[in-house]
$ cat structure-v7.csv   # CSV, C-alpha atoms
chain,number,residue,atom,x,y,z
A,3,MET,CA,-39.6,-23.7,-46.3
A,4,ALA,CA,-38.3,-22.2,-43.1
A,5,ILE,CA,-38.3,-18.5,-42.4
A,6,GLU,CA,-36.8,-17.0,-39.3
A,7,VAL,CA,-39.1,-14.4,-37.7
A,8,ARG,CA,-37.7,-12.0,-35.1
A,9,ILE,CA,-40.3,-11.0,-32.5
A,10,PRO,CA,-40.2,-7.7,-30.6
A,11,THR,CA,-40.5,-7.7,-26.8
A,12,ILE,CA,-44.0,-6.4,-26.9
A,13,LEU,CA,-45.2,-9.5,-28.9
A,14,ARG,CA,-43.3,-12.2,-27.0
A,15,GLN,CA,-46.3,-12.9,-24.9
A,16,TYR,CA,-47.5,-14.9,-27.9
A,17,THR,CA,-44.2,-16.8,-28.4
A,18,ASP,CA,-43.6,-17.9,-24.8
A,19,GLY,CA,-40.9,-15.3,-24.5
A,20,GLN,CA,-39.0,-16.5,-27.6
A,21,LYS,CA,-37.1,-13.7,-29.4
A,22,ALA,CA,-37.3,-15.6,-32.7
A,23,VAL,CA,-39.5,-18.3,-34.1
A,24,GLU,CA,-39.7,-20.2,-37.4
A,25,GLY,CA,-42.5,-20.2,-39.8
A,26,THR,CA,-43.4,-21.0,-43.4
A,27,GLY,CA,-45.3,-19.4,-46.3
A,28,ASN,CA,-44.8,-18.1,-49.8
A,29,THR,CA,-45.9,-14.6,-48.8
A,30,LEU,CA,-46.1,-12.6,-45.6
A,31,THR,CA,-49.9,-13.3,-45.5
A,32,GLU,CA,-49.2,-17.0,-45.5
A,33,LEU,CA,-46.4,-16.7,-43.0
A,34,PHE,CA,-48.6,-14.8,-40.5
A,35,ALA,CA,-51.4,-17.4,-40.9
A,36,ASP,CA,-48.8,-20.1,-40.2
A,37,LEU,CA,-47.5,-18.3,-37.1
A,38,GLU,CA,-51.1,-18.0,-35.8
A,39,THR,CA,-51.5,-21.8,-35.8
A,40,ARG,CA,-48.8,-22.0,-33.1
A,41,HIS,CA,-48.9,-18.5,-31.6
A,42,ALA,CA,-52.6,-17.8,-31.3
A,43,GLY,CA,-53.4,-14.1,-31.2
A,44,ILE,CA,-50.3,-12.8,-32.9
A,45,ARG,CA,-51.8,-12.3,-36.3
A,46,ALA,CA,-54.4,-9.8,-35.1
A,47,ARG,CA,-51.6,-7.7,-33.6
A,48,LEU,CA,-49.9,-7.5,-37.1
A,49,VAL,CA,-52.8,-7.4,-39.5
A,50,ASP,CA,-55.9,-5.1,-39.6
A,51,ASP,CA,-58.7,-7.2,-41.0
A,52,THR,CA,-61.1,-4.2,-41.1
A,53,LYS,CA,-58.8,-2.5,-43.6
A,54,GLY,CA,-58.6,-5.3,-46.2
A,55,ASP,CA,-55.8,-7.2,-44.5
A,56,GLN,CA,-53.3,-4.4,-44.4
A,57,LEU,CA,-50.4,-4.3,-42.0
A,58,ARG,CA,-51.3,-2.4,-38.9
A,59,ARG,CA,-50.2,1.2,-39.0
A,60,PHE,CA,-47.9,1.0,-36.0
A,61,VAL,CA,-46.2,-2.2,-37.0
A,62,ASN,CA,-43.1,-2.3,-39.2
A,63,VAL,CA,-42.1,-5.5,-41.0
A,64,TYR,CA,-38.7,-6.0,-42.6
A,65,LEU,CA,-37.7,-8.7,-45.1
A,66,ASN,CA,-34.0,-9.2,-44.9
A,67,ASP,CA,-33.9,-5.7,-43.2
A,68,GLU,CA,-35.9,-4.1,-46.1
A,69,ASP,CA,-39.1,-2.3,-45.2
A,70,VAL,CA,-41.9,-4.4,-46.8
A,71,ARG,CA,-44.0,-1.2,-47.3
A,72,PHE,CA,-41.5,-0.4,-50.0
A,73,LEU,CA,-41.9,-3.9,-51.4
A,74,ASP,CA,-45.3,-5.5,-51.8
A,75,GLY,CA,-46.6,-5.0,-48.3
A,76,ILE,CA,-48.3,-8.0,-46.9
A,77,ASP,CA,-48.2,-9.7,-50.3
A,78,THR,CA,-44.4,-9.6,-50.3
A,79,LYS,CA,-43.0,-12.9,-51.5
A,80,LEU,CA,-40.8,-15.0,-49.3
A,81,ALA,CA,-38.1,-17.5,-50.0
A,82,ASP,CA,-36.4,-20.2,-47.9
A,83,GLY,CA,-33.8,-18.8,-45.6
A,84,ASP,CA,-35.3,-15.3,-45.5
A,85,SER,CA,-35.4,-13.4,-42.3
A,86,VAL,CA,-38.4,-11.4,-41.2
A,87,THR,CA,-38.2,-8.8,-38.5
A,88,ILE,CA,-41.2,-7.4,-36.8
A,89,LEU,CA,-40.9,-4.1,-34.9
A,90,PRO,CA,-43.3,-1.7,-33.3
A,91,ALA,CA,-43.3,1.6,-35.2
A,92,VAL,CA,-43.0,4.6,-32.8
A,93,ALA,CA,-45.8,7.0,-33.4
A,94,GLY,CA,-45.0,9.6,-36.0
A,95,GLY,CA,-42.0,7.6,-37.3
A,96,MET,CA,-40.2,8.7,-40.4
A,97,ALA,CA,-42.5,6.9,-42.8
B,29,MET,CA,-5.2,18.6,-57.0
B,30,ARG,CA,-4.6,22.2,-56.0
B,31,TYR,CA,-7.0,24.5,-54.1
B,32,ASP,CA,-6.8,28.1,-53.1
B,33,SER,CA,-7.9,27.5,-49.5
B,34,PRO,CA,-8.8,24.7,-47.2
B,35,LEU,CA,-12.5,25.5,-47.6
B,36,ALA,CA,-12.2,25.2,-51.3
B,37,ALA,CA,-11.0,21.6,-50.8
B,38,VAL,CA,-14.5,20.4,-49.6
B,39,GLY,CA,-15.9,17.7,-51.8
B,40,ASN,CA,-14.3,16.0,-54.9
B,41,THR,CA,-13.9,12.9,-52.8
B,42,PRO,CA,-12.7,9.5,-54.3
B,43,LEU,CA,-15.2,6.9,-55.4
B,44,VAL,CA,-13.5,3.5,-54.9
B,45,ARG,CA,-14.7,0.0,-56.0
B,46,LEU,CA,-14.6,-2.6,-53.3
B,47,PRO,CA,-13.2,-5.7,-55.1
B,48,ARG,CA,-13.5,-8.0,-52.2
B,49,LEU,CA,-17.0,-7.1,-50.9
B,50,SER,CA,-18.6,-6.8,-54.4
B,51,PRO,CA,-20.6,-10.0,-54.9
B,52,SER,CA,-19.6,-10.6,-58.5
B,53,ALA,CA,-17.9,-9.0,-61.6
B,54,ASP,CA,-21.3,-7.7,-62.7
B,55,VAL,CA,-22.6,-6.6,-59.4
B,56,ARG,CA,-20.1,-4.0,-58.1
B,57,VAL,CA,-20.1,-2.0,-54.8
B,58,TRP,CA,-18.5,1.4,-54.7
B,59,ALA,CA,-17.6,3.5,-51.6
B,60,LYS,CA,-17.8,7.4,-51.8
B,61,LEU,CA,-15.1,8.4,-49.3
B,62,GLU,CA,-16.6,11.4,-47.6
B,63,ASP,CA,-14.2,11.1,-44.7
B,64,ARG,CA,-11.7,12.7,-47.0
B,65,ASN,CA,-13.3,16.2,-46.5
B,66,PRO,CA,-11.4,18.8,-44.4
B,67,THR,CA,-12.9,18.0,-41.0
B,68,GLY,CA,-13.3,14.3,-41.8
B,69,SER,CA,-17.0,14.0,-42.6
B,70,ILE,CA,-19.6,14.5,-45.3
B,71,LYS,CA,-21.1,17.3,-43.3
B,72,ASP,CA,-18.5,19.7,-44.6
B,73,ARG,CA,-20.5,19.9,-47.7
B,74,PRO,CA,-23.9,21.1,-46.3
B,75,ALA,CA,-22.2,23.2,-43.6
B,76,LEU,CA,-20.2,25.2,-46.1
B,77,PHE,CA,-23.0,25.4,-48.6
B,78,MET,CA,-25.6,26.5,-46.0
B,79,ILE,CA,-23.1,29.2,-44.8
B,80,GLU,CA,-22.4,30.4,-48.3
B,81,GLN,CA,-26.0,30.5,-49.4
B,82,ALA,CA,-26.9,32.5,-46.2
B,83,GLU,CA,-24.1,34.9,-47.1
B,84,LYS,CA,-25.5,35.3,-50.6
B,85,ASP,CA,-29.0,35.9,-49.2
B,86,GLY,CA,-27.6,38.5,-46.8
B,87,ARG,CA,-28.8,36.5,-43.8
B,88,LEU,CA,-25.2,36.0,-42.6
B,89,THR,CA,-23.1,39.2,-42.4
B,90,PRO,CA,-19.6,39.8,-40.9
B,91,GLY,CA,-19.6,39.5,-37.1
B,92,CYS,CA,-22.7,37.3,-37.1
B,93,THR,CA,-23.3,34.5,-34.5
B,94,ILE,CA,-24.3,31.1,-35.9
B,95,LEU,CA,-26.5,28.9,-33.7
B,96,GLU,CA,-27.1,25.2,-34.4
B,97,PRO,CA,-28.5,22.2,-32.5
B,98,THR,CA,-26.0,19.5,-33.2
B,99,SER,CA,-24.0,16.9,-31.3
B,100,GLY,CA,-22.1,15.6,-34.2
B,101,ASN,CA,-20.4,16.2,-37.5
B,102,THR,CA,-22.4,19.1,-38.7
B,103,GLY,CA,-21.4,21.1,-35.6
B,104,ILE,CA,-17.7,20.3,-36.2
B,105,SER,CA,-18.0,21.3,-39.9
B,106,LEU,CA,-19.8,24.5,-39.1
B,107,ALA,CA,-17.3,25.4,-36.3
B,108,MET,CA,-14.4,25.0,-38.7
B,109,ALA,CA,-16.0,27.0,-41.5
B,110,ALA,CA,-17.2,29.7,-39.0
B,111,LYS,CA,-13.7,30.0,-37.6
B,112,LEU,CA,-12.1,30.5,-41.0
B,113,LYS,CA,-14.8,32.9,-42.1
B,114,GLY,CA,-14.8,34.9,-38.8
B,115,TYR,CA,-18.2,34.0,-37.4
B,116,ARG,CA,-19.0,33.2,-33.8
B,117,MET,CA,-20.4,29.6,-33.4
B,118,VAL,CA,-22.7,28.4,-30.7
B,119,CYS,CA,-23.7,24.7,-30.6
B,120,VAL,CA,-26.6,23.4,-28.5
B,121,MET,CA,-26.0,19.7,-27.7
B,122,PRO,CA,-27.4,17.1,-25.2
B,123,GLU,CA,-25.5,17.2,-21.9
B,124,ASN,CA,-24.6,13.5,-22.2
B,125,THR,CA,-22.6,14.0,-25.5
B,126,SER,CA,-19.1,12.5,-25.3
B,127,GLN,CA,-16.0,14.5,-24.2
B,128,GLU,CA,-14.4,13.8,-27.6
B,129,ARG,CA,-17.1,15.7,-29.4
B,130,ARG,CA,-17.0,18.6,-27.0
B,131,ASP,CA,-13.2,18.8,-27.5
B,132,LEU,CA,-13.5,18.7,-31.2
B,133,LEU,CA,-16.0,21.6,-31.2
B,134,SER,CA,-14.1,23.8,-28.7
B,135,MET,CA,-10.9,23.1,-30.7
B,136,TRP,CA,-12.4,25.0,-33.6
B,137,GLY,CA,-13.7,27.7,-31.3
B,138,ALA,CA,-17.3,26.8,-30.9
B,139,GLU,CA,-19.2,27.7,-27.7
B,140,ILE,CA,-21.3,24.9,-26.3
B,141,ILE,CA,-24.7,25.2,-24.6
B,142,SER,CA,-25.9,22.0,-23.0
B,143,SER,CA,-29.5,20.8,-23.3
B,144,PRO,CA,-31.1,18.2,-21.1
B,145,ALA,CA,-30.2,14.6,-22.0
B,146,ALA,CA,-33.8,13.5,-22.0
B,147,GLY,CA,-35.2,13.7,-25.5
B,148,GLY,CA,-31.7,13.8,-27.1
B,149,SER,CA,-31.3,15.9,-30.2
B,150,ASN,CA,-35.1,16.6,-30.3
B,151,THR,CA,-34.6,18.5,-27.0
B,152,ALA,CA,-31.5,20.2,-28.4
B,153,VAL,CA,-33.6,21.4,-31.4
B,154,ARG,CA,-36.2,22.8,-29.1
B,155,VAL,CA,-33.7,24.5,-26.8
B,156,ALA,CA,-31.9,26.0,-29.8
B,157,LYS,CA,-35.2,27.4,-31.2
B,158,GLU,CA,-35.9,29.0,-27.8
B,159,ILE,CA,-32.4,30.6,-27.6
B,160,GLY,CA,-32.8,31.7,-31.2
B,161,ALA,CA,-36.0,33.5,-30.2
B,162,GLU,CA,-34.2,35.3,-27.4
B,163,HIS,CA,-31.4,36.4,-29.9
B,164,PRO,CA,-33.1,37.4,-33.1
B,165,ASP,CA,-29.8,38.6,-34.5
B,166,TRP,CA,-28.3,35.1,-34.3
B,167,VAL,CA,-28.5,33.0,-37.4
B,168,MET,CA,-29.8,29.4,-37.1
B,169,LEU,CA,-29.0,27.5,-40.3
B,170,TYR,CA,-31.1,24.5,-39.1
B,171,GLN,CA,-29.8,21.5,-41.0
B,172,TYR,CA,-33.0,19.5,-40.6
B,173,GLY,CA,-35.1,22.0,-42.5
B,174,ASN,CA,-32.7,24.0,-44.6
B,175,PRO,CA,-33.1,23.2,-48.3
B,176,ASP,CA,-29.5,24.2,-48.8
B,177,ASN,CA,-28.5,21.1,-46.8
B,178,ALA,CA,-30.0,18.9,-49.6
B,179,GLY,CA,-28.9,21.5,-52.1
B,180,ALA,CA,-25.3,21.0,-51.3
B,181,HIS,CA,-25.6,17.3,-52.3
B,182,TYR,CA,-27.7,18.2,-55.3
B,183,ALA,CA,-24.9,20.7,-56.4
B,184,THR,CA,-21.8,18.6,-55.6
B,185,THR,CA,-22.1,15.0,-54.3
B,186,GLY,CA,-24.7,13.9,-56.9
B,187,PRO,CA,-22.8,15.4,-59.9
B,188,GLU,CA,-19.5,13.9,-58.7
B,189,ILE,CA,-21.0,10.4,-58.4
B,190,LEU,CA,-22.7,10.5,-61.8
B,191,ALA,CA,-19.5,11.9,-63.5
B,192,ASP,CA,-17.4,9.1,-62.0
B,193,LEU,CA,-19.9,6.3,-62.5
B,194,PRO,CA,-22.4,7.0,-65.3
B,195,SER,CA,-23.6,3.3,-64.9
B,196,ILE,CA,-24.8,3.8,-61.3
B,197,THR,CA,-27.9,1.7,-60.5
B,198,HIS,CA,-28.3,2.2,-56.8
B,199,PHE,CA,-27.4,5.0,-54.3
B,200,VAL,CA,-27.3,4.1,-50.6
B,201,ALA,CA,-26.9,6.5,-47.6
B,202,GLY,CA,-27.8,6.8,-44.0
B,203,LEU,CA,-31.0,8.5,-43.0
B,204,GLY,CA,-30.3,11.3,-40.6
B,205,THR,CA,-31.2,14.9,-41.6
B,206,THR,CA,-32.1,13.1,-44.9
B,207,GLY,CA,-30.2,15.9,-46.7
B,208,THR,CA,-27.8,13.4,-48.5
B,209,LEU,CA,-30.5,11.1,-49.8
B,210,MET,CA,-32.8,14.0,-50.8
B,211,GLY,CA,-30.1,16.0,-52.6
B,212,VAL,CA,-28.2,13.2,-54.3
B,213,GLY,CA,-31.5,11.3,-54.9
B,214,ARG,CA,-33.1,14.2,-56.8
B,215,TYR,CA,-30.0,14.9,-58.9
B,216,LEU,CA,-29.5,11.3,-59.9
B,217,ARG,CA,-33.2,10.7,-60.7
B,218,GLU,CA,-33.3,13.7,-63.0
B,219,HIS,CA,-30.4,12.2,-65.0
B,220,LYS,CA,-31.2,8.5,-64.6
B,221,PRO,CA,-34.9,8.0,-63.9
B,222,ASP,CA,-34.4,4.3,-63.1
B,223,VAL,CA,-31.8,4.8,-60.4
B,224,LYS,CA,-32.8,3.3,-57.0
B,225,ILE,CA,-32.4,5.5,-53.9
B,226,VAL,CA,-31.9,3.4,-50.8
B,227,ALA,CA,-32.0,4.6,-47.2
B,228,ALA,CA,-30.3,2.8,-44.3
B,229,GLU,CA,-31.8,3.7,-41.0
B,230,PRO,CA,-30.4,2.6,-37.6
B,231,ARG,CA,-32.3,0.1,-35.6
B,232,TYR,CA,-31.5,-0.1,-31.9
B,233,ASP,CA,-32.4,-2.8,-29.4
B,234,ASP,CA,-35.2,-2.3,-27.0
B,235,LEU,CA,-33.0,-0.9,-24.3
B,236,VAL,CA,-31.9,2.0,-26.5
B,237,TYR,CA,-35.4,2.7,-27.7
B,238,GLY,CA,-36.2,3.8,-24.2
B,239,LEU,CA,-33.5,6.5,-24.5
B,240,ARG,CA,-34.6,7.5,-28.0
B,241,ASN,CA,-38.3,7.4,-28.0
B,242,LEU,CA,-38.7,11.2,-28.3
B,243,ASP,CA,-36.1,11.3,-31.0
B,244,GLU,CA,-37.9,8.6,-33.0
B,245,GLY,CA,-41.0,10.7,-33.6
B,246,PHE,CA,-38.9,13.5,-35.2
B,247,VAL,CA,-39.3,13.8,-39.0
B,248,PRO,CA,-36.9,16.3,-40.5
B,249,GLU,CA,-38.7,18.9,-42.6
B,250,LEU,CA,-36.4,18.0,-45.5
B,251,TYR,CA,-37.7,14.5,-45.7
B,252,ASP,CA,-39.7,13.6,-48.8
B,253,ALA,CA,-40.6,9.9,-49.0
B,254,SER,CA,-41.2,10.0,-52.7
B,255,VAL,CA,-37.4,10.4,-53.4
B,256,LEU,CA,-36.7,7.0,-51.8
B,257,THR,CA,-37.1,3.7,-53.6
B,258,THR,CA,-36.7,1.6,-50.5
B,259,ARG,CA,-35.6,1.7,-46.8
B,260,PHE,CA,-33.5,-0.7,-44.9
B,261,SER,CA,-33.5,-0.9,-41.1
B,262,VAL,CA,-30.1,-2.1,-39.9
B,263,GLY,CA,-29.5,-3.4,-36.4
B,264,SER,CA,-26.4,-2.7,-34.3
B,265,ALA,CA,-25.0,-6.2,-34.8
B,266,ASP,CA,-25.1,-5.9,-38.6
B,267,ALA,CA,-23.7,-2.3,-38.6
B,268,VAL,CA,-20.8,-3.4,-36.4
B,269,THR,CA,-20.2,-6.6,-38.5
B,270,ARG,CA,-20.0,-4.6,-41.7
B,271,THR,CA,-17.9,-1.8,-40.2
B,272,ARG,CA,-15.3,-4.5,-39.3
B,273,GLU,CA,-15.6,-6.2,-42.7
B,274,LEU,CA,-15.0,-2.9,-44.4
B,275,LEU,CA,-11.8,-2.4,-42.3
B,276,GLN,CA,-10.5,-6.0,-42.6
B,277,GLN,CA,-11.4,-6.8,-46.2
B,278,GLU,CA,-11.0,-3.4,-47.9
B,279,GLY,CA,-8.8,-1.5,-45.5
B,280,ILE,CA,-11.4,1.3,-45.0
B,281,PHE,CA,-11.6,2.7,-41.5
B,282,ALA,CA,-15.2,4.1,-41.2
B,283,GLY,CA,-17.7,5.1,-38.6
B,284,VAL,CA,-20.4,2.6,-37.5
B,285,SER,CA,-23.2,4.3,-39.4
B,286,THR,CA,-21.2,3.6,-42.6
B,287,GLY,CA,-21.4,-0.1,-41.6
B,288,ALA,CA,-25.2,0.3,-41.7
B,289,ALA,CA,-25.1,1.9,-45.2
B,290,LEU,CA,-22.8,-0.9,-46.4
B,291,HIS,CA,-25.2,-3.5,-45.0
B,292,ALA,CA,-28.0,-2.0,-47.1
B,293,ALA,CA,-25.7,-1.7,-50.1
B,294,LEU,CA,-24.9,-5.4,-49.9
B,295,GLY,CA,-28.6,-6.2,-49.4
B,296,VAL,CA,-29.5,-4.5,-52.7
B,297,ALA,CA,-26.4,-6.0,-54.4
B,298,LYS,CA,-27.4,-9.5,-53.3
B,299,LYS,CA,-30.9,-9.0,-54.7
B,300,ALA,CA,-29.5,-7.9,-58.1
B,301,LEU,CA,-27.2,-10.9,-58.1
B,302,LYS,CA,-30.2,-13.2,-57.4
B,303,ALA,CA,-32.2,-11.6,-60.2
B,304,GLY,CA,-29.3,-12.0,-62.6
B,305,GLU,CA,-29.0,-8.3,-63.1
B,306,SER,CA,-25.8,-6.3,-63.3
B,307,ALA,CA,-25.5,-3.4,-60.8
B,308,ASP,CA,-23.3,-0.5,-59.7
B,309,VAL,CA,-24.1,0.2,-56.1
B,310,VAL,CA,-22.7,3.4,-54.5
B,311,PHE,CA,-22.8,3.9,-50.8
B,312,VAL,CA,-21.6,6.7,-48.6
B,313,VAL,CA,-18.7,6.5,-46.1
B,314,ALA,CA,-20.0,9.4,-44.0
B,315,ASP,CA,-17.0,9.6,-41.7
B,316,GLY,CA,-13.9,7.8,-40.5
B,317,GLY,CA,-13.8,5.7,-37.4
B,318,TRP,CA,-11.6,8.0,-35.3
B,319,LYS,CA,-14.5,9.4,-33.2
B,320,TYR,CA,-15.7,5.9,-32.3
B,321,LEU,CA,-12.4,4.3,-31.4
B,322,SER,CA,-13.1,4.4,-27.7
B,323,THR,CA,-16.2,2.2,-28.2
B,324,GLY,CA,-13.8,-0.7,-28.8
B,325,VAL,CA,-15.7,-1.8,-31.9
B,326,TYR,CA,-12.6,-1.9,-34.1
B,327,THR,CA,-10.2,-3.5,-31.7
B,328,ALA,CA,-12.3,-6.2,-30.1
B,329,ALA,CA,-10.9,-9.6,-30.7
B,330,THR,CA,-14.0,-11.0,-32.3
B,331,THR,CA,-17.1,-9.4,-34.0
B,332,GLU,CA,-19.3,-10.9,-31.2
B,333,GLU,CA,-17.3,-9.0,-28.6
B,334,ALA,CA,-17.4,-5.9,-30.7
B,335,ILE,CA,-21.2,-6.2,-30.9
B,336,ASP,CA,-21.4,-6.5,-27.2
B,337,THR,CA,-19.4,-3.4,-26.6
B,338,LEU,CA,-22.0,-1.4,-28.6
B,339,GLN,CA,-25.0,-2.8,-26.8
B,340,GLY,CA,-27.2,-0.1,-25.5
B,341,GLN,CA,-25.3,2.7,-27.2
B,342,LEU,CA,-26.3,5.1,-29.9
B,343,TRP,CA,-24.1,4.9,-33.0
B,344,ALA,CA,-25.9,7.1,-35.6
$ encode --input "structure-v7.csv" --output "structure tokens"
Amino acid sequence: MAIEVRIPTILRQYTDGQKAVEGTGNTLTELFADLETRHAGIRARLVDDTKGDQLRRFVNVYLNDEDVRFLDGIDTKLADGDSVTILPAVAGGMA
Amino acid sequence: MRYDSPLAAVGNTPLVRLPRLSPSADVRVWAKLEDRNPTGSIKDRPALFMIEQAEKDGRLTPGCTILEPTSGNTGISLAMAAKLKGYRMVCVMPENTSQERRDLLSMWGAEIISSPAAGGSNTAVRVAKEIGAEHPDWVMLYQYGNPDNAGAHYATTGPEILADLPSITHFVAGLGTTGTLMGVGRYLREHKPDVKIVAAEPRYDDLVYGLRNLDEGFVPELYDASVLTTRFSVGSADAVTRTRELLQQEGIFAGVSTGAALHAALGVAKKALKAGESADVVFVVADGGWKYLSTGVYTAATTEEAIDTLQGQLWA
């Protein structure tokens, strides 16, 4: 099950400069674990283990452009062909 | 339809089904054509409503000067209403705002004070507040924090949509001052508790983020996250693609931010289709494409070229 993941400039150090990579998983949690196997270090930039595996506060993740914080957060379910976009949230953003 | 004056013709805009862009017979997408207002944008509603409420409160009296930080449609709407009602209008806008916008404002008699480009509309808001402090007799309606901005949509846009389409399931609009989403959202939810209120916010590439980073931190006082069901973040490429689809498939000539709202509308429509649900999705056409013609977005030979022309530019 292939999911396209768009990577922001600030995290491309983990993807050899690639703007988009592919991953697999039934949820965002699984997708991020899968990305970590090929792009070591990226998961810690997205997920805060000290806060019960929540998305980091200044990271926004979109599933097919929809903010996953309005879906099921890191437990949001994924399907083949979905597109996930990761973006740094600017401090004090509208959320 | 007959009205006693041009100002009385604000609102009562058409709601049209988009037969080609709707995904199925049971999942329908509808456009609320706010470009049909007197100055060509949805902002005629809050501008007129804020002025009339301020008149009722006694804050605006004959001969008053209205001061507003705006580089866009609200300034144009306020300038027109101020001209017809006999107020002086002063707009504070970033110095890098396009000549077309300056011309539109001066055409309706507004005076323009430039604020530094750095910090964009955030800086314009700050400068306007400073000028307001120096001129305590000037009236700043302040669209970002004035409850009458959302109130205009609660009083007019929301009831019009519900009357035309009682089966509405989703309402989608761009997220700017947040007035449209807050006002229509509250009205619809009171009458249809299950209705989904969907925000479409612009997402710029990294280059533009450099220009906008001060803007990004700005949360309008009107914003109440509890009104929203969900938020879509729409990139420039998708906004341009949808703007062109709307023109080519349905014949609607809309601004680029409308393309972003359509993208979110089609996103929720597709989800409904996948879930086997029927849906009536309404999205807002906030303005026509006239003010954006010079970007080349509409006339580029291909969508790829159109996307390239908008690289690095602000479009909402």
$ residues_around --input "structure-v7.csv" --residues "Gly25 (chain A)" --least-positions-apart "4" --cutoff "8 Å" --atoms "all atoms listed in the file" --output "MDAnalysis selection string"
chainID A and resid 3:7 33 36:37
$ interface_residues --input "structure-v7.csv" --of "chain B" --to "chain A" --cutoff "6 Å" --atoms "only C-alpha atoms" --output "JSON, numbers by chain"
{"B": [245, 247, 258, 259, 260, 261]}
$ atom_distance --input "structure-v7.csv" --atom1 "CA of Val312 (chain B)" --atom2 "CA of Glu229 (chain B)"
13.1 Å
$ residues_around --input "structure-v7.csv" --residues "Pro187 (chain B)" --least-positions-apart "3" --cutoff "12 Å" --atoms "only C-alpha atoms" --output "list of chain:residue names"
B:Gly39, B:Asn40, B:Thr41, B:Gly179, B:Ala180, B:His181, B:Tyr182, B:Ala183, B:Thr184, B:Leu190, B:Ala191, B:Asp192, B:Leu193, B:Pro194, B:Ile196, B:Gly211, B:Val212, B:Gly213, B:Arg214, B:Tyr215, B:Leu216, B:Arg217, B:Glu218, B:His219, B:Lys220
$ closest_residue --input "structure-v7.csv" --among "B:Ala138, B:Ser126, B:Met117, B:Ser285" --to "Leu203 (chain B)" --atoms "all atoms listed in the file"
B:Ser285
$ atom_distance --input "structure-v7.csv" --atom1 "CA of Pro74 (chain B)" --atom2 "CA of Asp266 (chain B)"
28.1 Å
$ closest_residue --input "structure-v7.csv" --among "B:Leu338, B:Val38, B:Val44, B:Ala307" --to "Trp58 (chain B)" --atoms "all atoms listed in the file"
B:Val44
$ atom_distance --input "structure-v7.csv" --atom1 "CA of Lys319 (chain B)" --atom2 "CA of Gln339 (chain B)"
17.3 Å
$ residues_around --input "structure-v7.csv" --residues "region 65-72 of chain B" --least-positions-apart "6" --cutoff "9 Å" --atoms "only C-alpha atoms" --output "PyMOL selection string"
chain B and resi 34-35+37-41+101-106+108-109+208+312-316
$ closest_residue --input "structure-v7.csv" --among "A:Arg45, A:Arg59, A:Lys53, A:Lys79" --to "Tyr16 (chain A)" --atoms "all atoms listed in the file"
A:Arg45
$ closest_residue --input "structure-v7.csv" --among "A:Thr39, A:Ile9, A:Ile88, A:Ile76" --to "Asp51 (chain A)" --atoms "only C-alpha atoms"
A:Ile76
$ residues_around --input "structure-v7.csv" --residues "Asp336 (chain B)" --least-positions-apart "6" --cutoff "10 Å" --atoms "all atoms listed in the file" --output "PyMOL selection string"
chain B and resi 264-265+268+324-325+328
